[in-house]
Amino acid sequence: MSTIVLSEPEELAKEPNSKKEQRKHAESLASLMQPAVGVFSPDTTVAEATEMLRQQVRTAFITYLYIVDDQDRLLGLVVMREMLLATPDTRLADIMIVDPFALKRDMSLSGALKAALHKHFPVYPIVDDEQRLVGLVRGPELFANRAIELSAQAGEMVGVEKEERLFTPLSTSLKLRHPWLQVNLLTAFVAAAVVGIFEDTLSRLVILAVFLPVMAGQTGNTGCQALAVALRGMTLGEVKADSAGHLVRKEGMLGFANGLLVGLTAGAGMYAYALLQGQPDPIWFGVVVLISMVVACTLSGIAGALIPLTLKRFGADPATASSIFLTTMSDVASMGVFLGLATLML
């Protein structure tokens, strides 16, 4: 067994059948949960996982590999840089991080946000009471919901409810929700199109498929941190018209600095991996990673600060909509720059 498809637990398939259950579900971590991807058995080798990732990254953005047993219990997590430095016949169980940080499915949103407050991971695994992997949640969504909770506290203290409540008319709820679903669909097409443009490059250089999640993960994390600071400043009233420019410049410079430091490490990892794989001119693989990481992290940092400011200026809720645009921007920047440079230089 090399790859595993998780079946949805029976209790998750049941729809809440009472108003109380519906409200509880909406306020739980399960409401943000996405299907688990990048799930493998511990005996899968690096070579096998690499070949499977080549196909999976075309339809999903995979940041980590999740290792589970026959009962779908989460055993460990594999960071992509460990795969880059491992030999092709290495088992994933030998390079995984044992007992990784995970959120519980039955956690409330506020409890999950507190647990992940100082982690700043791009993706969090979600497990049930038996430690079975049941889904994933992306970091930007957690930060966005944290900002929503902060912004709602002042209104709740004086009896002002959130814009949409349980008994909001169906037509009103549809008007509030549906436009963003259409936007999310369009942005997903954009991200998918980027991979499609460079399909020939991926087919020619399979090694790039392994490193795509590394680029997307680091870039997304950079943007996520910038978004968290921007939303926090906006919620607390710290971001004014005269300080918005400073915020964008600061996050851009932080993105550049972090991208340079991370890029040096990642570039060295790519060089070592390309050397092990017998690729010609492995140094250029490392150079491509270094340049791509610097450019993508800089763009993501700027986007994390600029997107909520722009949405607020146009009257949209920055906490609700920012994660949609930031995720797309981070994915497009990381994969577009990386694959574009690889096409030109390799």
# chains A, B, ... in the order shown; residues from 1 in each chain; ligands from 1
>>> residues_around(residues="Leu299 in chain A", least_positions_apart="2", cutoff="10 Å", atoms="only C-alpha atoms", output="ChimeraX atom specification")
/A:219,222-223,251-253,255-256,293-297,301-304,329-330,333-334
>>> residues_around(residues="Val239 in chain A", least_positions_apart="5", cutoff="12 Å", atoms="only C-alpha atoms", output="PyMOL selection string")
chain A and resi 229-234+244-248+305-306+308-309+312
>>> residues_around(residues="Val39 in chain A", least_positions_apart="5", cutoff="12 Å", atoms="only C-alpha atoms", output="MDAnalysis selection string")
chainID A and resid 1:7 44 49 52:53 56 62:70 72:78 92 125 132:136
>>> residues_around(residues="range 273-289 of chain A", least_positions_apart="6", cutoff="8 Å", atoms="only C-alpha atoms", output="PyMOL selection string")
chain A and resi 84-87+207+263+266-267+338+341-342+345-346
>>> write_last_selection(atoms="C-alpha atoms", output="CSV table (one decimal), in the first residue's frame")
chain,number,residue,atom,x,y,z
A,84,LEU,CA,14.9,16.3,-1.1
A,85,LEU,CA,17.8,15.1,1.0
A,86,ALA,CA,16.7,11.4,1.3
A,87,THR,CA,17.7,8.6,-1.1
A,207,ILE,CA,12.1,16.7,-9.8
A,263,GLY,CA,16.0,30.3,-0.3
A,266,ALA,CA,16.1,25.5,0.1
A,267,GLY,CA,18.5,26.1,-2.8
A,338,PHE,CA,9.4,28.8,-10.0
A,341,LEU,CA,12.4,30.3,-14.2
A,342,ALA,CA,12.9,26.6,-14.5
A,345,MET,CA,17.1,28.3,-17.1
A,346,LEU,CA,17.0,24.5,-17.0
>>> closest_residue(among="A:Ser243, A:Asn221, A:Val57, A:Leu142", to="Asn258 in chain A", atoms="only C-alpha atoms")
A:Asn221
>>> residues_around(residues="range 201-206 of chain A", least_positions_apart="4", cutoff="8 Å", atoms="only C-alpha atoms", output="list in words")
Glu51, Arg54, Val210, Leu339, Ala342 and Thr343 of chain A
>>> write_last_selection(atoms="C-alpha atoms", output="PDB file, in the first residue's frame")
ATOM      1  CA  GLU A  51       5.944   9.753  -8.679  1.00  0.00           C
ATOM      2  CA  ARG A  54       3.725  14.359  -9.783  1.00  0.00           C
ATOM      3  CA  VAL A 210       8.575  17.370  -5.582  1.00  0.00           C
ATOM      4  CA  LEU A 339       8.187  26.990 -13.120  1.00  0.00           C
ATOM      5  CA  ALA A 342      12.888  26.587 -14.528  1.00  0.00           C
ATOM      6  CA  THR A 343      11.575  26.708 -18.087  1.00  0.00           C
TER       7      THR A 343
END
